[in-house]
Amino acid sequence: MRNITIIAVASALLTGAALIYAAPALSQDSMAPAAEANAAGATPIKGDAVFKAFHGKEGIDRIIDDFVIRITTDPRISERFKNANLLRLRLELKDQVCYLVGGPCTYTGKDMKTSHAGMNLRNNDFNALAEDLQFSMDKEHVSFSAQNRLIAKLAPMQHAIVTK
Amino acid sequence: MKSYKTFMYLPMAAFGLAIASTAMADDQPAAPAANDVVGDPNAPVSHFDSGRLLLTQGISNIEGASGGGLATWATISGYGTRDAIGGNVHFSYVGTPQYGLKDYGIAIGFFDRLELSYTRENFDTGKTGGYLGLGQGFTFNQDVYGAKLKLFGDAIYDQNTVLPQVAVGVQYKHNDKAAIIQAVGGKHNDGTDFYIAATKVFLDQSLVVDTTLRFTKANQTGLLGFGGDRNDSYRPEFEGSIGYLVTKKLVIGAEFRTKPNNLGFAKEDHWYDVFAAYTLNKHLSVAAAYTDLGSIATFKGQRGVFLSLQAGL
């Protein structure tokens, strides 16, 4: 009886996972159009609790200012930003993060796939940037659970951004 | 016999010391080459990039695989991204009123896809060995050789789907006390476990969840042999973990693992634990758990503390 229960539960879990994997609606290709329809790369968080946890626009400004300093001095990825327009990057990141965490902002930059095209980015680059963002959010004393809400929005962008 | 042990332990200890010695240093990644440009496809790639995020390799459990303390997860050991190789050495100890279990091992992760591991377990019956008629300090030694292959999914990146990271694995286990195993009703002193694991991080809830299905004949994970007078066929067993990500360095959680009951002489119980794992940096982590291992070889109430140290890259 116990064994049947274990097999049934485990089979259900594995079948569920397999069906989800097989379902074309969840394939990477069909996800891409939905994400690109929204240039910011993800739908925003609902409500304003996370926006408040980021200390509003002022907090996000401080985070991004600190973040851009980090990524342009992080030996792992700093060379990527050698020719970047840092002022524009700063402004667009502020808009993007503000929008994603539920703030009253609009993102007017390019979509994630286009803006990173041709850079041959790897997971190592993507993760390095995520770690730098975590340091900046830590410095602003954003709670870890609120940080994870934003990272939950950013993480799937790996599919569009990492091309190598 | 002694020289064989030295041959095994020395490289592991050397590797561990080498890695641990970097643990106290700041994580300063190597500078890129001078002719690097944005998007240069010839940019140097480090094959030891330690590029995965903190905590994403789990800890090494007693069978030496990446996971929680009791459950084996779908994660791959080491911090290497899919472009790199990583790994670790670990040492763990769990002490219960009647027994002590030590284990140490090495695991290597290849390209966030394949994990190979070797672990040596020493199950010391202490004074209880005397009561069991084995002799005081009687120790069962088990070698566990593991291979795990990630099939699909990414526990971290796949936040906008319910799809987990899924891996399958095998663990070949060999226990050196064949005669005693036979004496207590065990059928074999070696055996192979097969498992499939599904692991996912739910960042919106700051949770890591694992569910694993294991096909095994092992008694007390092999420490008392494989198969028994009550049953000598493969049974499906379940193990799982739920962890809460407190900070980027600290996870706390609980685990559960079902066990077969193959031996007539001694009932075997399901295992539970509550755990905390702390990663100092990508080179050093520690874990502690309070675990309930139930009844082992007729002695009930085997609850105790589990401590583990892991060093790697």
# chains A, B, ... in the order shown; residues from 1 in each chain; ligands from 1
$ residues_around --residues "Lys150 of chain B" --least-positions-apart "4" --cutoff "10 Å" --atoms "only C-alpha atoms" --output "VMD selection string"
chain B and resid 74 to 76 112 to 115 154 165 to 169 196 to 198
$ write_last_selection --atoms "C-alpha atoms" --output "CSV table (one decimal), in the first residue's frame"
chain,number,residue,atom,x,y,z
B,74,ALA,CA,19.3,17.4,-9.4
B,75,THR,CA,22.1,20.0,-8.9
B,76,ILE,CA,25.6,19.4,-10.1
B,112,ASP,CA,26.9,21.8,-15.1
B,113,ARG,CA,25.8,18.6,-16.7
B,114,LEU,CA,27.6,15.6,-15.2
B,115,GLU,CA,28.6,14.9,-11.7
B,154,ASP,CA,17.7,25.0,-14.7
B,165,GLN,CA,15.8,20.9,-13.1
B,166,VAL,CA,15.8,17.1,-13.5
B,167,ALA,CA,18.7,14.7,-13.2
B,168,VAL,CA,19.1,10.9,-13.1
B,169,GLY,CA,21.8,9.2,-11.3
B,196,ILE,CA,15.6,10.6,-10.6
B,197,ALA,CA,15.6,14.0,-8.9
B,198,ALA,CA,13.7,17.2,-9.6
$ residues_around --residues "Tyr118 of chain B" --least-positions-apart "6" --cutoff "9 Å" --atoms "only C-alpha atoms" --output "list in words"
Glu63, Gly64, Ala65, Tyr104, Gly105, Ile106, Ala107, Asp143, Val144, Tyr145 and Gly146 of chain B
$ closest_residue --among "A:Pro75, A:Gly56, A:Gly102, A:Pro44" --to "chain B" --atoms "only C-alpha atoms"
A:Pro75
$ closest_residue --among "B:Ala288, B:Ala183, B:Val246, B:Leu313" --to "chain A" --atoms "only C-alpha atoms"
B:Val246
$ atom_distance --atom1 "atom CA of Asn83 of chain A" --atom2 "atom CA of Ala128 of chain A"
18.9 Å
$ decode --residues "segment 8-162 of chain A" --atoms "C-alpha atoms" --output "compact mmCIF listing (two decimals), in the first residue's frame"
# COMPACT_ATOMS: atom_id res chain seq x y z
CA ALA A 8 1.77 7.12 -7.60
CA VAL A 9 3.00 10.38 -6.12
CA ALA A 10 6.37 10.15 -7.79
CA SER A 11 4.83 9.19 -11.14
CA ALA A 12 2.47 12.14 -10.94
CA LEU A 13 5.32 14.53 -10.23
CA LEU A 14 7.48 13.15 -13.01
CA THR A 15 4.63 12.96 -15.51
CA GLY A 16 3.70 16.51 -14.68
CA ALA A 17 7.25 17.66 -15.24
CA ALA A 18 7.49 15.71 -18.52
CA LEU A 19 4.18 17.08 -19.82
CA ILE A 20 5.20 20.59 -18.95
CA TYR A 21 8.48 20.05 -20.74
CA ALA A 22 6.74 18.65 -23.82
CA ALA A 23 4.07 21.32 -23.99
CA PRO A 24 5.05 23.63 -26.87
CA ALA A 25 3.54 26.60 -25.10
CA LEU A 26 6.42 26.44 -22.66
CA SER A 27 9.18 25.87 -25.17
CA GLN A 28 11.91 28.47 -25.31
CA ASP A 29 10.98 29.57 -28.84
CA SER A 30 7.38 30.30 -28.12
CA MET A 31 8.34 32.09 -24.91
CA ALA A 32 10.58 34.49 -26.79
CA PRO A 33 7.85 36.36 -28.68
CA ALA A 34 5.92 37.00 -25.48
CA ALA A 35 9.00 38.38 -23.78
CA GLU A 36 9.97 40.52 -26.74
CA ALA A 37 6.48 41.97 -26.98
CA ASN A 38 7.48 43.55 -23.67
CA ALA A 39 10.87 45.17 -24.26
CA ALA A 40 11.64 45.25 -20.55
CA GLY A 41 11.89 41.47 -20.74
CA ALA A 42 9.24 40.56 -18.18
CA THR A 43 5.86 41.61 -16.86
CA PRO A 44 6.05 43.88 -13.82
CA ILE A 45 5.49 42.79 -10.23
CA LYS A 46 1.98 43.57 -9.07
CA GLY A 47 1.36 45.95 -6.22
CA ASP A 48 3.81 48.40 -4.72
CA ALA A 49 5.23 46.39 -1.83
CA VAL A 50 8.43 45.48 -3.70
CA PHE A 51 8.81 49.02 -5.08
CA LYS A 52 8.65 50.22 -1.48
CA ALA A 53 11.14 47.55 -0.38
CA PHE A 54 13.52 49.05 -2.95
CA HIS A 55 12.93 52.46 -1.33
CA GLY A 56 11.13 53.82 -4.35
CA LYS A 57 12.74 55.73 -7.18
CA GLU A 58 15.46 57.19 -4.96
CA GLY A 59 16.49 53.73 -3.75
CA ILE A 60 16.51 52.33 -7.27
CA ASP A 61 18.60 55.31 -8.46
CA ARG A 62 21.15 54.64 -5.73
CA ILE A 63 21.20 50.92 -6.51
CA ILE A 64 21.75 51.43 -10.23
CA ASP A 65 24.40 54.11 -9.72
CA ASP A 66 26.29 51.72 -7.47
CA PHE A 67 25.60 48.80 -9.82
CA VAL A 68 27.04 50.54 -12.88
CA ILE A 69 30.22 51.35 -10.94
CA ARG A 70 30.51 47.67 -9.98
CA ILE A 71 29.97 46.20 -13.42
CA THR A 72 32.39 48.62 -15.04
CA THR A 73 35.08 47.68 -12.51
CA ASP A 74 34.31 43.94 -12.14
CA PRO A 75 37.28 42.24 -13.85
CA ARG A 76 35.00 39.47 -15.08
CA ILE A 77 32.79 41.75 -17.18
CA SER A 78 34.17 45.30 -17.12
CA GLU A 79 35.63 45.04 -20.61
CA ARG A 80 32.08 44.55 -21.97
CA PHE A 81 31.24 48.13 -21.06
CA LYS A 82 34.34 49.77 -22.50
CA ASN A 83 32.40 51.36 -25.38
CA ALA A 84 29.04 51.65 -23.68
CA ASN A 85 27.17 54.91 -23.22
CA LEU A 86 27.11 54.70 -19.43
CA LEU A 87 24.74 57.63 -18.92
CA ARG A 88 22.14 56.07 -21.18
CA LEU A 89 22.74 52.63 -19.63
CA ARG A 90 22.19 54.06 -16.17
CA LEU A 91 18.93 55.79 -17.14
CA GLU A 92 17.53 52.77 -18.96
CA LEU A 93 18.43 50.38 -16.12
CA LYS A 94 16.69 52.68 -13.65
CA ASP A 95 13.57 52.74 -15.82
CA GLN A 96 13.68 48.98 -16.33
CA VAL A 97 14.12 48.06 -12.67
CA CYS A 98 11.56 50.64 -11.54
CA TYR A 99 9.07 49.25 -14.05
CA LEU A 100 9.76 45.61 -13.14
CA VAL A 101 9.39 46.09 -9.37
CA GLY A 102 5.98 47.72 -9.86
CA GLY A 103 7.02 51.36 -9.86
CA PRO A 104 5.43 54.15 -11.94
CA CYS A 105 8.00 54.03 -14.73
CA THR A 106 8.12 53.15 -18.40
CA TYR A 107 10.99 51.36 -20.07
CA THR A 108 11.80 52.82 -23.48
CA GLY A 109 14.99 50.93 -24.27
CA LYS A 110 15.58 48.03 -26.61
CA ASP A 111 14.44 44.51 -25.78
CA MET A 112 16.89 42.16 -24.05
CA LYS A 113 17.66 40.05 -27.10
CA THR A 114 18.43 43.03 -29.35
CA SER A 115 20.39 44.98 -26.76
CA HIS A 116 22.70 42.03 -26.08
CA ALA A 117 22.93 40.68 -29.62
CA GLY A 118 26.38 39.86 -30.93
CA MET A 119 28.03 40.03 -27.51
CA ASN A 120 28.48 36.25 -27.25
CA LEU A 121 27.66 36.38 -23.56
CA ARG A 122 28.04 33.32 -21.38
CA ASN A 123 26.35 32.23 -18.16
CA ASN A 124 29.46 33.32 -16.32
CA ASP A 125 28.92 36.91 -17.56
CA PHE A 126 25.21 36.82 -16.75
CA ASN A 127 25.80 35.48 -13.24
CA ALA A 128 28.61 37.98 -12.57
CA LEU A 129 26.20 40.79 -13.35
CA ALA A 130 23.54 39.24 -11.11
CA GLU A 131 26.04 39.01 -8.25
CA ASP A 132 27.02 42.67 -8.72
CA LEU A 133 23.36 43.61 -8.60
CA GLN A 134 22.97 41.64 -5.37
CA PHE A 135 25.87 43.61 -3.83
CA SER A 136 24.23 46.88 -4.85
CA MET A 137 20.86 45.80 -3.44
CA ASP A 138 22.59 44.68 -0.24
CA LYS A 139 24.19 48.11 0.05
CA GLU A 140 20.75 49.71 -0.22
CA HIS A 141 19.52 47.29 2.49
CA VAL A 142 16.80 45.80 0.34
CA SER A 143 15.46 42.68 2.06
CA PHE A 144 16.68 39.43 0.55
CA SER A 145 13.15 38.28 -0.20
CA ALA A 146 12.46 41.52 -2.13
CA GLN A 147 15.77 41.10 -3.98
CA ASN A 148 14.67 37.61 -5.00
CA ARG A 149 11.39 39.03 -6.37
CA LEU A 150 13.40 41.14 -8.81
CA ILE A 151 15.88 38.36 -9.59
CA ALA A 152 12.90 36.10 -10.34
CA LYS A 153 12.00 38.58 -13.10
CA LEU A 154 15.56 38.88 -14.37
CA ALA A 155 16.63 35.22 -14.27
CA PRO A 156 14.57 34.02 -17.27
CA MET A 157 16.16 36.76 -19.38
CA GLN A 158 19.17 34.44 -19.46
CA HIS A 159 17.50 32.67 -22.38
CA ALA A 160 17.52 35.84 -24.51
CA ILE A 161 20.75 37.37 -23.25
CA VAL A 162 23.16 34.44 -23.08
